[in-house]
Each structure stands twice: as C-alpha cells, then as structure tokens.
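Structure file work.tsv (TSV, C-alpha atoms) is printed below.
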```tsv
chain	number	residue	atom	x	y	z
O	1	MET	CA	0.00	0.00	0.00
O	2	VAL	CA	2.80	2.39	0.84
O	3	SER	CA	5.49	1.33	-1.63
O	4	THR	CA	3.04	1.27	-4.55
O	5	GLY	CA	1.90	4.82	-3.83
O	6	LEU	CA	-1.69	3.76	-3.17
O	7	ALA	CA	-1.62	5.18	0.35
O	8	SER	CA	-0.43	8.58	-0.83
O	9	ILE	CA	-3.33	8.70	-3.30
O	10	GLY	CA	-5.84	8.14	-0.48
O	11	TYR	CA	-6.30	4.38	-0.10
O	12	THR	CA	-5.88	4.40	3.66
O	13	PHE	CA	-7.81	1.36	4.93
O	14	VAL	CA	-6.36	-2.14	5.09
O	15	ASN	CA	-9.29	-4.46	5.78
O	16	VAL	CA	-9.25	-8.11	6.82
O	17	ASP	CA	-12.38	-9.95	5.69
O	18	ASP	CA	-13.91	-13.22	6.89
O	19	CYS	CA	-11.95	-16.15	8.43
O	20	TRP	CA	-9.63	-14.17	10.71
O	21	SER	CA	-11.21	-15.54	13.91
O	22	THR	CA	-11.53	-19.15	15.05
O	23	SER	CA	-13.29	-19.04	18.44
O	24	ARG	CA	-13.93	-17.12	21.64
O	25	ASP	CA	-11.89	-17.43	24.83
O	26	ALA	CA	-13.22	-17.98	28.35
O	27	ASN	CA	-14.16	-14.29	28.53
O	28	ASN	CA	-15.96	-14.42	25.16
O	29	VAL	CA	-13.25	-12.37	23.47
O	30	LEU	CA	-12.72	-13.26	19.82
O	31	VAL	CA	-9.56	-15.28	19.17
O	32	ALA	CA	-7.54	-14.73	16.00
O	33	ASP	CA	-6.54	-17.67	13.83
O	34	PRO	CA	-3.09	-18.56	15.25
O	35	THR	CA	-1.85	-19.84	11.90
O	36	SER	CA	-2.82	-16.84	9.80
O	37	PHE	CA	-2.27	-14.21	12.49
O	38	PRO	CA	0.20	-15.60	15.04
O	39	SER	CA	0.84	-12.19	16.63
O	40	GLY	CA	-2.87	-11.42	16.96
O	41	MET	CA	-5.01	-8.63	15.57
O	42	GLN	CA	-3.88	-5.91	17.96
O	43	ALA	CA	-0.29	-6.34	16.83
O	44	LEU	CA	-1.41	-6.28	13.21
O	45	ALA	CA	-3.44	-3.11	13.80
O	46	SER	CA	-0.43	-1.48	15.45
O	47	TYR	CA	1.75	-2.30	12.46
O	48	VAL	CA	-0.85	-0.95	10.03
O	49	HIS	CA	-1.06	2.26	12.07
O	50	SER	CA	2.73	2.55	12.07
O	51	ARG	CA	2.50	2.83	8.29
O	52	ASN	CA	0.01	5.71	8.66
O	53	LEU	CA	-2.82	3.48	7.48
O	54	LYS	CA	-6.09	2.45	9.08
O	55	PHE	CA	-7.15	-1.06	10.03
O	56	GLY	CA	-10.45	-2.81	9.32
O	57	LEU	CA	-11.99	-6.09	10.47
O	58	TYR	CA	-14.99	-8.18	9.51
O	59	SER	CA	-17.81	-9.61	11.58
O	60	ASP	CA	-21.40	-10.70	11.15
O	61	ALA	CA	-24.82	-9.84	12.61
O	62	GLY	CA	-25.45	-13.57	13.08
O	63	TYR	CA	-24.31	-16.41	15.27
O	64	GLN	CA	-21.68	-17.30	12.69
O	65	THR	CA	-20.03	-15.50	9.81
O	66	CYS	CA	-20.66	-16.56	6.23
O	67	ALA	CA	-17.64	-18.87	6.53
O	68	LYS	CA	-18.95	-20.34	9.81
O	69	ARG	CA	-16.56	-18.43	12.07
O	70	PRO	CA	-17.84	-16.77	15.28
O	71	GLY	CA	-20.41	-14.05	14.65
O	72	SER	CA	-21.27	-11.06	16.82
O	73	LEU	CA	-24.98	-11.63	17.43
O	74	GLY	CA	-25.41	-11.46	21.20
O	75	PHE	CA	-21.81	-10.31	21.64
O	76	GLU	CA	-22.10	-6.82	20.19
O	77	THR	CA	-20.83	-4.95	23.26
O	78	ILE	CA	-17.80	-7.08	24.02
O	79	ASP	CA	-16.82	-7.30	20.35
O	80	ALA	CA	-17.04	-3.54	19.86
O	81	GLN	CA	-15.01	-2.97	23.01
O	82	THR	CA	-12.43	-5.53	21.88
O	83	TRP	CA	-12.07	-3.97	18.44
O	84	ALA	CA	-11.72	-0.49	19.93
O	85	ALA	CA	-9.03	-1.74	22.31
O	86	TRP	CA	-7.18	-3.33	19.39
O	87	GLY	CA	-7.30	-0.09	17.42
O	88	VAL	CA	-9.78	-1.10	14.74
O	89	ASP	CA	-10.90	1.77	12.49
O	90	TYR	CA	-13.40	0.01	10.21
O	91	VAL	CA	-15.90	-2.81	10.67
O	92	LYS	CA	-17.60	-4.65	7.82
O	93	TYR	CA	-20.75	-6.28	9.23
O	94	ASP	CA	-22.24	-9.15	7.27
O	95	ASN	CA	-25.68	-10.79	7.51
O	96	CYS	CA	-25.24	-14.58	7.51
O	97	ASN	CA	-26.52	-17.18	9.96
O	98	ALA	CA	-28.82	-14.89	11.95
O	99	ASP	CA	-31.78	-15.61	14.21
O	100	GLY	CA	-34.56	-14.84	11.76
O	101	THR	CA	-35.02	-11.23	12.84
O	102	LEU	CA	-34.68	-8.38	10.37
O	103	PRO	CA	-31.37	-6.56	10.00
O	104	GLN	CA	-33.19	-3.40	11.09
O	105	ILE	CA	-33.36	-5.09	14.51
O	106	ARG	CA	-29.84	-6.51	14.65
O	107	TYR	CA	-27.70	-3.79	13.06
O	108	PRO	CA	-28.64	-0.96	15.47
O	109	LYS	CA	-27.24	-3.03	18.35
O	110	MET	CA	-23.80	-2.93	16.79
O	111	THR	CA	-24.17	0.78	16.00
O	112	THR	CA	-24.86	1.45	19.67
O	113	ALA	CA	-21.99	-0.77	20.77
O	114	LEU	CA	-19.49	0.87	18.41
O	115	ASN	CA	-20.58	4.39	19.34
O	116	SER	CA	-20.30	3.53	23.02
O	117	THR	CA	-16.59	2.76	22.69
O	118	GLY	CA	-15.75	6.40	22.02
O	119	ARG	CA	-13.48	5.37	19.13
O	120	PRO	CA	-14.37	6.55	15.62
O	121	ILE	CA	-15.01	3.34	13.68
O	122	TYR	CA	-16.33	3.33	10.12
O	123	PHE	CA	-19.36	1.02	10.07
O	124	SER	CA	-19.89	-0.78	6.74
O	125	MET	CA	-23.18	-2.68	6.69
O	126	CYS	CA	-23.44	-5.68	4.39
O	127	GLU	CA	-26.97	-7.05	4.29
O	128	TRP	CA	-26.85	-7.23	0.46
O	129	GLY	CA	-29.68	-4.77	-0.14
O	130	HIS	CA	-32.38	-7.27	0.79
O	131	GLN	CA	-34.31	-4.89	3.04
O	132	ASP	CA	-33.60	-1.71	1.04
O	133	PRO	CA	-31.01	-0.42	3.54
O	134	ALA	CA	-30.67	2.89	1.73
O	135	THR	CA	-34.03	3.80	3.27
O	136	TRP	CA	-32.95	3.19	6.88
O	137	ALA	CA	-29.22	2.61	7.26
O	138	SER	CA	-27.92	6.18	7.08
O	139	GLU	CA	-28.73	6.65	10.77
O	140	LEU	CA	-26.81	3.51	11.69
O	141	GLY	CA	-23.55	3.55	9.77
O	142	ASN	CA	-21.37	4.99	7.05
O	143	SER	CA	-22.16	2.75	4.08
O	144	TRP	CA	-24.47	-0.09	3.18
O	145	ARG	CA	-24.39	-2.70	0.48
O	146	THR	CA	-27.14	-2.16	-2.05
O	147	THR	CA	-26.45	-5.43	-3.87
O	148	GLY	CA	-25.45	-9.04	-3.58
O	149	ASP	CA	-21.79	-9.98	-3.77
O	150	ILE	CA	-20.03	-8.95	-6.95
O	151	LEU	CA	-18.86	-12.00	-8.90
O	152	ARG	CA	-15.14	-12.11	-9.50
O	153	GLY	CA	-14.31	-10.56	-12.85
O	154	ASN	CA	-17.87	-11.03	-14.10
O	155	TRP	CA	-18.99	-8.18	-16.37
O	156	THR	CA	-22.68	-9.06	-16.09
O	157	SER	CA	-22.44	-8.96	-12.31
O	158	ILE	CA	-20.67	-5.60	-12.38
O	159	MET	CA	-23.41	-4.15	-14.58
O	160	ALA	CA	-26.18	-5.60	-12.40
O	161	ASN	CA	-24.63	-4.13	-9.25
O	162	ILE	CA	-24.16	-0.60	-10.56
O	163	ASP	CA	-27.72	-0.58	-11.94
O	164	LYS	CA	-29.18	-1.76	-8.62
O	165	ASN	CA	-27.06	0.78	-6.80
O	166	ASP	CA	-28.33	3.57	-9.05
O	167	ILE	CA	-31.90	3.02	-7.84
O	168	TRP	CA	-30.93	4.41	-4.44
O	169	ALA	CA	-28.93	7.45	-5.57
O	170	ASP	CA	-31.16	9.94	-3.75
O	171	TYR	CA	-30.28	8.41	-0.39
O	172	ALA	CA	-26.51	8.87	-0.56
O	173	LYS	CA	-24.94	11.83	1.19
O	174	PRO	CA	-21.65	12.76	2.87
O	175	GLY	CA	-20.91	10.18	5.54
O	176	ALA	CA	-23.57	7.78	4.31
O	177	TRP	CA	-22.93	5.95	1.04
O	178	ASN	CA	-24.47	3.35	-1.23
O	179	ASP	CA	-22.05	0.45	-1.73
O	180	PRO	CA	-22.29	-1.83	-4.80
O	181	ASP	CA	-19.38	-3.96	-3.49
O	182	MET	CA	-15.64	-3.89	-4.01
O	183	LEU	CA	-13.66	-3.25	-7.17
O	184	GLU	CA	-12.69	-6.02	-9.60
O	185	VAL	CA	-9.98	-3.93	-11.23
O	186	GLY	CA	-6.70	-5.84	-11.44
O	187	ASN	CA	-8.00	-9.39	-11.16
O	188	GLY	CA	-7.10	-10.17	-14.77
O	189	LEU	CA	-10.57	-11.16	-15.94
O	190	LEU	CA	-11.76	-7.89	-17.49
O	191	SER	CA	-10.52	-5.98	-20.52
O	192	VAL	CA	-8.77	-2.66	-19.95
O	193	ASP	CA	-11.83	-0.79	-21.21
O	194	GLU	CA	-14.06	-2.76	-18.85
O	195	GLU	CA	-11.82	-1.99	-15.89
O	196	ILE	CA	-11.82	1.72	-16.76
O	197	SER	CA	-15.62	1.70	-17.09
O	198	HIS	CA	-16.00	-0.20	-13.82
O	199	PHE	CA	-13.77	2.23	-11.93
O	200	SER	CA	-15.40	5.27	-13.56
O	201	LEU	CA	-18.94	4.22	-12.70
O	202	TRP	CA	-18.01	3.44	-9.09
O	203	ALA	CA	-16.25	6.79	-8.80
O	204	LEU	CA	-19.11	8.70	-10.38
O	205	ALA	CA	-21.59	6.99	-8.05
O	206	LYS	CA	-19.54	8.04	-4.99
O	207	SER	CA	-19.22	4.38	-4.07
O	208	PRO	CA	-16.54	3.26	-1.61
O	209	LEU	CA	-13.42	2.41	-3.62
O	210	LEU	CA	-12.28	-0.87	-2.07
O	211	ILE	CA	-9.48	-2.54	-4.02
O	212	GLY	CA	-10.15	-6.24	-4.54
O	213	CYS	CA	-6.92	-7.33	-6.23
O	214	ASP	CA	-3.48	-8.33	-4.97
O	215	VAL	CA	-1.74	-4.96	-4.79
O	216	ARG	CA	1.64	-6.68	-4.45
O	217	ASN	CA	1.38	-7.90	-8.02
O	218	MET	CA	-0.39	-5.08	-9.84
O	219	THR	CA	0.38	-4.45	-13.47
O	220	ASP	CA	1.29	-0.93	-14.52
O	221	GLN	CA	-2.12	-0.73	-16.20
O	222	THR	CA	-3.95	-1.65	-13.00
O	223	LYS	CA	-1.97	0.89	-11.01
O	224	GLU	CA	-2.67	3.57	-13.59
O	225	ILE	CA	-6.41	2.96	-13.30
O	226	LEU	CA	-6.51	2.80	-9.52
O	227	THR	CA	-4.39	5.94	-9.09
O	228	ASN	CA	-6.06	8.27	-11.59
O	229	LYS	CA	-6.18	11.40	-9.43
O	230	GLU	CA	-8.72	13.17	-11.61
O	231	VAL	CA	-11.19	10.29	-11.36
O	232	ILE	CA	-10.57	9.82	-7.64
O	233	ALA	CA	-11.30	13.52	-7.18
O	234	ILE	CA	-14.76	12.91	-8.66
O	235	ASN	CA	-15.35	10.13	-6.15
O	236	GLN	CA	-14.12	12.24	-3.23
O	237	ASP	CA	-15.87	15.48	-4.24
O	238	PRO	CA	-17.06	17.18	-1.02
O	239	LEU	CA	-20.56	17.85	-2.34
O	240	GLY	CA	-21.16	14.13	-2.01
O	241	ILE	CA	-24.03	13.84	-4.49
O	242	GLN	CA	-24.14	10.45	-6.16
O	243	GLY	CA	-23.98	10.62	-9.95
O	244	ARG	CA	-26.70	8.66	-11.67
O	245	LYS	CA	-27.88	7.29	-14.99
O	246	LEU	CA	-29.76	10.05	-16.81
O	247	SER	CA	-30.29	8.33	-20.15
O	248	SER	CA	-30.17	4.79	-21.55
O	249	VAL	CA	-30.85	4.26	-25.26
O	250	ASN	CA	-29.97	1.22	-27.36
O	251	GLY	CA	-27.29	0.01	-24.98
O	252	THR	CA	-25.68	3.41	-24.46
O	253	ASP	CA	-25.89	5.36	-21.22
O	254	ILE	CA	-25.24	8.87	-20.07
O	255	TRP	CA	-24.39	9.14	-16.38
O	256	ALA	CA	-23.86	12.47	-14.66
O	257	GLY	CA	-23.79	14.31	-11.37
O	258	PRO	CA	-22.97	17.74	-9.93
O	259	LEU	CA	-19.70	18.66	-8.23
O	260	GLN	CA	-19.04	21.15	-5.47
O	261	ASN	CA	-17.49	23.89	-7.60
O	262	GLY	CA	-20.41	23.92	-10.04
O	263	ASP	CA	-18.86	21.50	-12.52
O	264	TYR	CA	-20.46	18.22	-13.59
O	265	VAL	CA	-19.06	14.77	-14.11
O	266	VAL	CA	-20.46	13.08	-17.21
O	267	GLY	CA	-19.92	9.49	-18.31
O	268	LEU	CA	-20.72	8.37	-21.87
O	269	PHE	CA	-20.89	4.60	-21.46
O	270	ASN	CA	-21.32	1.92	-24.11
O	271	ARG	CA	-22.72	-1.40	-22.87
O	272	ASN	CA	-22.77	-2.87	-26.38
O	273	GLU	CA	-20.39	-5.42	-27.89
O	274	THR	CA	-19.62	-3.09	-30.79
O	275	PRO	CA	-18.57	0.59	-30.99
O	276	SER	CA	-21.46	3.03	-30.64
O	277	VAL	CA	-21.96	6.73	-31.21
O	278	ILE	CA	-23.20	8.42	-28.03
O	279	ASN	CA	-24.74	11.87	-28.43
O	280	PHE	CA	-24.22	13.91	-25.28
O	281	ASP	CA	-27.52	15.72	-24.94
O	282	PHE	CA	-26.64	18.89	-23.03
O	283	SER	CA	-30.26	19.29	-21.97
O	284	LEU	CA	-29.73	16.42	-19.52
O	285	LEU	CA	-27.76	18.95	-17.47
O	286	GLY	CA	-30.49	21.55	-17.84
O	287	LEU	CA	-28.66	23.39	-20.62
O	288	THR	CA	-30.17	24.85	-23.76
O	289	PRO	CA	-29.30	23.46	-27.22
O	290	GLY	CA	-26.09	24.96	-28.55
O	291	GLN	CA	-24.96	26.26	-25.18
O	292	VAL	CA	-21.18	26.26	-24.82
O	293	ILE	CA	-19.47	24.02	-22.31
O	294	PHE	CA	-15.85	23.33	-21.49
O	295	ALA	CA	-14.95	19.65	-21.15
O	296	ARG	CA	-11.95	17.67	-19.98
O	297	ASP	CA	-11.42	13.96	-20.67
O	298	LEU	CA	-10.39	12.47	-17.32
O	299	TRP	CA	-8.77	9.34	-18.76
O	300	GLN	CA	-6.92	11.04	-21.60
O	301	HIS	CA	-6.06	13.94	-19.24
O	302	GLN	CA	-6.88	16.22	-22.12
O	303	ASP	CA	-8.91	19.41	-22.39
O	304	LEU	CA	-11.45	19.17	-25.20
O	305	GLY	CA	-12.00	22.92	-25.20
O	306	LYS	CA	-15.28	24.66	-25.95
O	307	LEU	CA	-18.07	22.39	-27.14
O	308	THR	CA	-21.55	23.14	-28.44
O	309	SER	CA	-22.18	19.47	-29.21
O	310	TYR	CA	-20.40	16.19	-28.59
O	311	ALA	CA	-21.13	12.79	-30.12
O	312	PRO	CA	-18.07	10.55	-29.90
O	313	THR	CA	-17.76	6.93	-30.94
O	314	VAL	CA	-17.24	4.86	-27.80
O	315	GLY	CA	-15.74	1.40	-27.89
O	316	PRO	CA	-17.40	-1.79	-26.61
O	317	HIS	CA	-17.87	-1.76	-22.81
O	318	ALA	CA	-15.92	1.52	-22.76
O	319	ILE	CA	-16.60	4.91	-21.25
O	320	ILE	CA	-15.60	8.51	-21.87
O	321	LEU	CA	-15.51	10.31	-18.55
O	322	LEU	CA	-15.72	14.09	-18.70
O	323	ARG	CA	-15.48	16.92	-16.25
O	324	VAL	CA	-17.77	19.62	-17.63
O	325	THR	CA	-17.47	23.30	-16.74
O	326	LEU	CA	-20.09	25.87	-17.63
O	327	PRO	CA	-18.87	29.25	-18.86
```

Could you show the structure in this file as structure tokens?
Amino acid sequence: MVSTGLASIGYTFVNVDDCWSTSRDANNVLVADPTSFPSGMQALASYVHSRNLKFGLYSDAGYQTCAKRPGSLGFETIDAQTWAAWGVDYVKYDNCNADGTLPQIRYPKMTTALNSTGRPIYFSMCEWGHQDPATWASELGNSWRTTGDILRGNWTSIMANIDKNDIWADYAKPGAWNDPDMLEVGNGLLSVDEEISHFSLWALAKSPLLIGCDVRNMTDQTKEILTNKEVIAINQDPLGIQGRKLSSVNGTDIWAGPLQNGDYVVGLFNRNETPSVINFDFSLLGLTPGQVIFARDLWQHQDLGKLTSYAPTVGPHAIILLRVTLP
C-alpha cells in the first residue's frame, strides 16, 4: 500500500475480511486464527497504524459469519469494546446465519456498541440490499451494500450491481454511502476498457473504492487505473451527491452528477459489444441546445475545449468520462 503509492493517493484502509477468527476465549473475546495471524489482531493493527494506514476487520450480525466463524450476534458490546481496544478503524458487518429477525433489529445493536466505545469506527453494513437499507441505514452507519456480492471478474455482475445501486442514488450523502461492493480492477478477468468503465462508474456513483486485487502484483495498467487522481477527485468530491444514470438508449448510457465547484461529471458509457456513437444531450444537465461548455477527458487527461455538441464513438464496454465546466 505504501510502496506502490496507493496510500499517498488516499487508499488508507487495510481491511481483513472473513476467516480471521476461530473461536472465543473464556471471557468471550474473539480469538484470531493462530496460523494466519500468530501475533494477533492488535499487533497487526499497530503495524498498520505505524505505516500511517487504518485497520479494518470483519464480523457478522449472526451467530456465525458466512464462513462459519464466530459471529457477533449477542456479543455486540464485548466485540465492539475488543475492536476499539485493538485499534480497529473500520468494521464490515455481514448478515449470515442470523436468528430470523430483520437486519433493522440486529444492526442498530452494533451501531450502539461501536458508538459507546468512544473510538471513531467506520461502520460498513453488508446485508446485500435485501431490506432496502438505503431507506434506513444512514442513521446507523457509514455505508451499506445495495447489492449481492459482486462475482469475481464477471462483467454481467458488475453491470447488475451498478444498476441496482443507481436506484438508491437519492439516499446517498456525505458520511452515508451506497455500496455496490468492491472493485474487480486488477484481477485479470476484465478488458482494460471494462476496468476503466467499472472504476469510472463506481467513482461517479460516490461508491466506496475498495481494491479487490493483490496490490503486491499489480500491473502498470492496473496501477494507472486505480491511481487516476482526476477520477478519484470525482469520487471524493465534497458535495457528495451520487452521480446517476440520466439516459439509456440502445445500450448506451449517459451518467452524470454535480460537483461542489459547479462543474459536472459526465460518463458516456457503451454497454454494447460493438462501438457506438453516443450523443451527449446537453439538456440532460439543464442546458439549452447549442450552449457552450468546457470539457476535460479524465482518462486522456486532455482538455477538449469549448463544445456546443459532442457525439463521440465509444468502444465496446468503454466509457468517456468528462469533467464539464459551464462558462
């Protein structure tokens, strides 16, 4: 994370997912897997902090995690206190193996437990969008999954997740985000254009950017995508309004959203298997026909200058991501 430059770009969380714990001790404190984590989680958290990074752990609002490790249902207070003592900064909270009650009943217990520790801990809720968490989760945590798990390197799954996530755009706001699951960039199963589209749509939608590849073995192309400062700036824009799909015609989309300084981000996205012409209809931004805009291509890092119309040919599964400024 540090040597690759990812940390300096803003990727600050190092998160351990399921399977880190094996049992509870006599005091009901979670025990780390001694083979995978022989020094324990507190030592690991301390090392992560020594690198000026933040440390995340996984648990579950059920009796067991999805991989049948100890869950936190009924142990919310002691687990939150344990994580705070270890120096945990982020908790992903899954929804497997529960007691039959709704997540709206179980998740607030962990919210209360985490808040009671006095330590700021990012709370990432993962109930897969089953109970429309966008409508209730913003009072409980910082992000919520709007979808099922993304399938590794599966383009159809990526498209399904961003479309489901888009339904809930109105509910996202600073500190409370829709989450269509982690990034598949760098796993070697997508084309370069698909990876750029994937990253662009997640950034435009203000989704959490959670790297899902082995950063120790990134290609230069993967690193270039994940560290595009202009695209990351769209994701991190302080206004915090989720960009959304404004138009979808014959397999071509126009996605857009406002930015804090009055600019817009616009994505011209081709879902088709062949190149397609996408006509950027300025009226989608509330502009009049023929009105002048200034545009910058965020992947080519190139100013396009003044435009009164724009209808580029976009490759299969590719996107043109623009930052648009009004005169």

message = So that I can see what lies close to Cys96 of chain O, please list as a list of chain:residue names the residues with an atom at most 7 Å from it, counting all atoms listed in the file and leaving out residues fewer than 6 positions away in the same chain.
response = O:Asp60, O:Ala61, O:Gly62, O:Gln64, O:Thr65, O:Cys66

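Distances to Asn52 of chain O were evaluated for O:Ala7, O:Ala233, O:Val185, O:Ala203 using only C-alpha atoms, and the minimum falls at O:Ala7.
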
ask   = Gln236 of chain O: which residues within 12 Å, counting only C-alpha atoms, same-chain residues fewer than 2 positions away excluded, as a list in words?
value = Ile9, Gly10, Tyr11, Lys173, Pro174, Gly175, Trp177, Trp202, Ala203, Leu204, Ala205, Lys206, Ser207, Pro208, Leu209, Lys229, Glu230, Val231, Ile232, Ala233, Ile234, Pro238, Leu239, Gly240, Ile241, Gln242, Leu259 and Gln260 of chain O

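Nearest to Gly100 of chain O of all the residues O:Gln81, O:Arg24, O:Gly315, O:Tyr63 is O:Tyr63, counting all atoms listed in the file.
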
message = Neighbouring residues of Ser124 of chain O were defined as those with any atom within 9 Å, considering only C-alpha atoms; residues of the same chain fewer than 5 positions away were excluded. Please report them as a ChimeraX atom specification.
response = /O:90-94,141-145,179

As JSON: centre and edge lengths in Å, one decimal, of the axis-aligned box holding segment 310-314 of chain O with 8 Å per side:
```
{"center_x": -19.2, "center_y": 10.5, "center_z": -29.4, "size_x": 19.9, "size_y": 27.3, "size_z": 19.1}
```

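We find atom CA of Gly186 of chain O and atom CA of Asn217 of chain O to be spaced 9.0 Å apart.
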
query = atom CA of Val48 of chain O to atom CA of Phe199 of chain O: how many Å, to one decimal?
reply = 25.7 Å

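Comparing the minimum interatomic distances between Lys245 of chain O and each of O:Val215, O:Val88, O:Ala137, O:Ile167, counting only C-alpha atoms, we find that O:Ile167 sits nearest.
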
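Picture a line from atom CA of Ser36 of chain O to atom CA of Thr222 of chain O; it runs 27.4 Å.
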
If we count all atoms listed in the file and set the cut-off at 9 Å, which residues sit around Ile278 of chain O, ignoring sequence neighbours fewer than 3 positions away in its own chain? Please answer as a PDB file with C-alpha atoms, in the frame of the given file.
```pdb
ATOM      1  CA  THR O 252     -25.680   3.410 -24.460  1.00  0.00           C
ATOM      2  CA  ASP O 253     -25.890   5.360 -21.220  1.00  0.00           C
ATOM      3  CA  ILE O 254     -25.240   8.870 -20.070  1.00  0.00           C
ATOM      4  CA  LEU O 268     -20.720   8.370 -21.870  1.00  0.00           C
ATOM      5  CA  PHE O 269     -20.890   4.600 -21.460  1.00  0.00           C
ATOM      6  CA  ASN O 270     -21.320   1.920 -24.110  1.00  0.00           C
ATOM      7  CA  TYR O 310     -20.400  16.190 -28.590  1.00  0.00           C
ATOM      8  CA  ALA O 311     -21.130  12.790 -30.120  1.00  0.00           C
ATOM      9  CA  PRO O 312     -18.070  10.550 -29.900  1.00  0.00           C
ATOM     10  CA  THR O 313     -17.760   6.930 -30.940  1.00  0.00           C
ATOM     11  CA  VAL O 314     -17.240   4.860 -27.800  1.00  0.00           C
TER      12      VAL O 314
END
```

Point (-21.3, -4.1, 0.2), cut-off 7 Å, counting only C-alpha atoms, residues as a PyMOL selection string = chain O and resi 125-126+128+144-147+179-181

ask   = Looking at only C-alpha atoms, which of O:Ser157, O:Ser21, O:Ser116, O:Thr35 is the one that sits closest to Ser72 of chain O?
value = O:Ser21

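Of the listed residues O:His317, O:His301, O:Arg244, O:Arg69, the one whose atoms come nearest to Asp17 of chain O is O:Arg69, with distances taken using all atoms listed in the file.
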
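Distances to Leu53 of chain O were evaluated for O:Lys68, O:Ser39, O:Trp83, O:Asn15 using all atoms listed in the file, and the minimum falls at O:Asn15.
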
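Using only C-alpha atoms, the set of residues no farther than 12 Å from the position (-12.0, -8.2, -19.7) comprises Arg152, Gly153, Asn154, Trp155, Thr156, Ile158, Glu184, Val185, Gly186, Asn187, Gly188, Leu189, Leu190, Ser191, Val192, Asp193, Glu194, Glu195, Ile196, Ser197, His198, Pro316, His317 and Ala318 of chain O.
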
If we count all atoms listed in the file and set the cut-off at 12 Å, which residues sit around Leu285 of chain O, ignoring sequence neighbours fewer than 3 positions away in its own chain? Please answer as a PDB file with C-alpha atoms, in the frame of the given file.
```
ATOM      1  CA  GLY O 243     -23.980  10.620  -9.950  1.00  0.00           C
ATOM      2  CA  ARG O 244     -26.700   8.660 -11.670  1.00  0.00           C
ATOM      3  CA  LYS O 245     -27.880   7.290 -14.990  1.00  0.00           C
ATOM      4  CA  LEU O 246     -29.760  10.050 -16.810  1.00  0.00           C
ATOM      5  CA  SER O 247     -30.290   8.330 -20.150  1.00  0.00           C
ATOM      6  CA  ILE O 254     -25.240   8.870 -20.070  1.00  0.00           C
ATOM      7  CA  TRP O 255     -24.390   9.140 -16.380  1.00  0.00           C
ATOM      8  CA  ALA O 256     -23.860  12.470 -14.660  1.00  0.00           C
ATOM      9  CA  GLY O 257     -23.790  14.310 -11.370  1.00  0.00           C
ATOM     10  CA  PRO O 258     -22.970  17.740  -9.930  1.00  0.00           C
ATOM     11  CA  GLY O 262     -20.410  23.920 -10.040  1.00  0.00           C
ATOM     12  CA  ASP O 263     -18.860  21.500 -12.520  1.00  0.00           C
ATOM     13  CA  TYR O 264     -20.460  18.220 -13.590  1.00  0.00           C
ATOM     14  CA  VAL O 265     -19.060  14.770 -14.110  1.00  0.00           C
ATOM     15  CA  VAL O 266     -20.460  13.080 -17.210  1.00  0.00           C
ATOM     16  CA  PHE O 280     -24.220  13.910 -25.280  1.00  0.00           C
ATOM     17  CA  ASP O 281     -27.520  15.720 -24.940  1.00  0.00           C
ATOM     18  CA  PHE O 282     -26.640  18.890 -23.030  1.00  0.00           C
ATOM     19  CA  THR O 288     -30.170  24.850 -23.760  1.00  0.00           C
ATOM     20  CA  PRO O 289     -29.300  23.460 -27.220  1.00  0.00           C
ATOM     21  CA  GLN O 291     -24.960  26.260 -25.180  1.00  0.00           C
ATOM     22  CA  ILE O 293     -19.470  24.020 -22.310  1.00  0.00           C
ATOM     23  CA  VAL O 324     -17.770  19.620 -17.630  1.00  0.00           C
ATOM     24  CA  THR O 325     -17.470  23.300 -16.740  1.00  0.00           C
ATOM     25  CA  LEU O 326     -20.090  25.870 -17.630  1.00  0.00           C
TER      26      LEU O 326
END
```
